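Structure first, then comments.
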Amino acid sequence: MARVQYDGGAKAVCAREKESDDALRSSRKPLRTGAILLVVATVLAVFVNFMPLISFEAILQPRPLPEFRTLSQYRALLQQRVRKTEEPAEEAPKVIYFQARPSAEPTPPPPITGFRLTAYGRELGPDGFTTFVGDKPVVLSLEIVPYMSHPPVDWSVSDDTAASLTVSNDKKQCEFAALRDAGRIELTVRCSEAEIVMPVYVWGAQKNEG
């Protein structure tokens, strides 16, 4: 009888131990799950914290230098860069504007008060003069009042085949030479508003008597 009670007590003890083991195992399951979640969270945090450092290291990686076929090309490139740094920036040219002065109106020549023609040392009148073919040219001089150094004088004849005119640089003298027997022609001398028109008798070669 006593043995039966012992066996029952032993079974009861075994059943209690089994229940305690099951309770312990069931209590360890949440701890394992929490530990796994903690490890995963730690790994994620470390990865997130080191992401900027990883990208920064990638930026700081040295870039490969350009390859040059020859050493002279590398030196030429260095010289170009040195010149660019040494050459000063060109300044834009300064433009200075000057106000144009108004052009003065040309001064009109003074009016002529005296205008006469001389030859052979005397003043020629309305009868003019006579010349022959083959004679020396007649030197005509013009006197103008007031005095002009280079007056705008125009010399002309009515028939340029009968006589030729050679005018001086200052236009104050003229050589009149007969070319052919033409009889009466006209000589015109004009300066501004003054004018002289006189007859000139041009004859053939003069015959020598005797």
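Labeling convention for the structure tokens: chains A, B, ... as they appear, residues from 1 per chain, ligands from 1 in order of appearance.
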Test item: residues at most 7 Å from A:Val157, only C-alpha atoms, excluding those fewer than 4 positions along its chain, as an mmCIF file with all heavy atoms, in the first residue's frame:
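Result file follows (result-v7.cif):
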data_model
loop_
_atom_site.group_PDB
_atom_site.id
_atom_site.type_symbol
_atom_site.label_atom_id
_atom_site.label_comp_id
_atom_site.auth_asym_id
_atom_site.auth_seq_id
_atom_site.Cartn_x
_atom_site.Cartn_y
_atom_site.Cartn_z
ATOM 1 N N GLU A 186 37.341 138.120 -129.859
ATOM 2 C CA GLU A 186 37.125 138.751 -128.562
ATOM 3 C C GLU A 186 37.870 138.009 -127.461
ATOM 4 O O GLU A 186 37.895 136.771 -127.423
ATOM 5 C CB GLU A 186 35.632 138.805 -128.221
ATOM 6 C CG GLU A 186 34.854 139.800 -129.064
ATOM 7 C CD GLU A 186 33.403 139.902 -128.641
ATOM 8 O OE1 GLU A 186 32.972 139.025 -127.839
ATOM 9 O OE2 GLU A 186 32.706 140.820 -129.086
ATOM 10 N N LEU A 187 38.455 138.795 -126.564
ATOM 11 C CA LEU A 187 39.115 138.268 -125.365
ATOM 12 C C LEU A 187 38.244 138.618 -124.152
ATOM 13 O O LEU A 187 37.852 139.776 -123.988
ATOM 14 C CB LEU A 187 40.509 138.878 -125.203
ATOM 15 C CG LEU A 187 41.224 138.584 -123.880
ATOM 16 C CD1 LEU A 187 41.584 137.107 -123.767
ATOM 17 C CD2 LEU A 187 42.477 139.457 -123.757
ATOM 18 N N THR A 188 37.978 137.627 -123.321
ATOM 19 C CA THR A 188 37.148 137.836 -122.129
ATOM 20 C C THR A 188 37.951 137.467 -120.887
ATOM 21 O O THR A 188 38.527 136.370 -120.817
ATOM 22 C CB THR A 188 35.871 136.980 -122.183
ATOM 23 O OG1 THR A 188 35.137 137.308 -123.370
ATOM 24 C CG2 THR A 188 35.000 137.231 -120.967
#
message: Need to verify the contact set: stretch 117-124 of chain A, 10 Å, only C-alpha atoms, exclusion of same-chain residues closer than 6 positions in sequence. Can you return it as number ranges by chain?
response: A: 138-144, 172-173, 189, 196, 198
For the selection you just gave me, I'd like the residues written to a file as a JSON list (two decimals), in the first residue's frame, keeping C-alpha atoms.
[["chain", "number", "residue", "atom", "x", "y", "z"],
["A", 138, "VAL", "CA", 51.51, 139.49, -125.95],
["A", 139, "VAL", "CA", 51.89, 139.49, -122.14],
["A", 140, "LEU", "CA", 48.65, 140.63, -120.52],
["A", 141, "SER", "CA", 48.57, 141.63, -116.83],
["A", 142, "LEU", "CA", 45.49, 141.95, -114.67],
["A", 143, "GLU", "CA", 45.31, 144.41, -111.77],
["A", 144, "ILE", "CA", 42.61, 143.83, -109.15],
["A", 172, "LYS", "CA", 47.09, 137.33, -112.89],
["A", 173, "GLN", "CA", 49.03, 137.10, -116.18],
["A", 189, "VAL", "CA", 38.59, 138.16, -118.61],
["A", 196, "ILE", "CA", 36.39, 142.72, -119.32],
["A", 198, "MET", "CA", 37.72, 143.59, -125.58]]
task: Measure the distance from atom CA of A:Gln206 to atom CA of A:Val167 in Å and round it to one decimal.
output: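 So the two atoms, atom CA of A:Gln206 and atom CA of A:Val167, lie 25.6 Å apart.
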message: Residues within 6 Å of A:Ala162, please, as an MDAnalysis selection string. Count only C-alpha atoms; anything in the same chain fewer than 4 positions from it doesn't count.
response: chainID A and resid 179:180 182
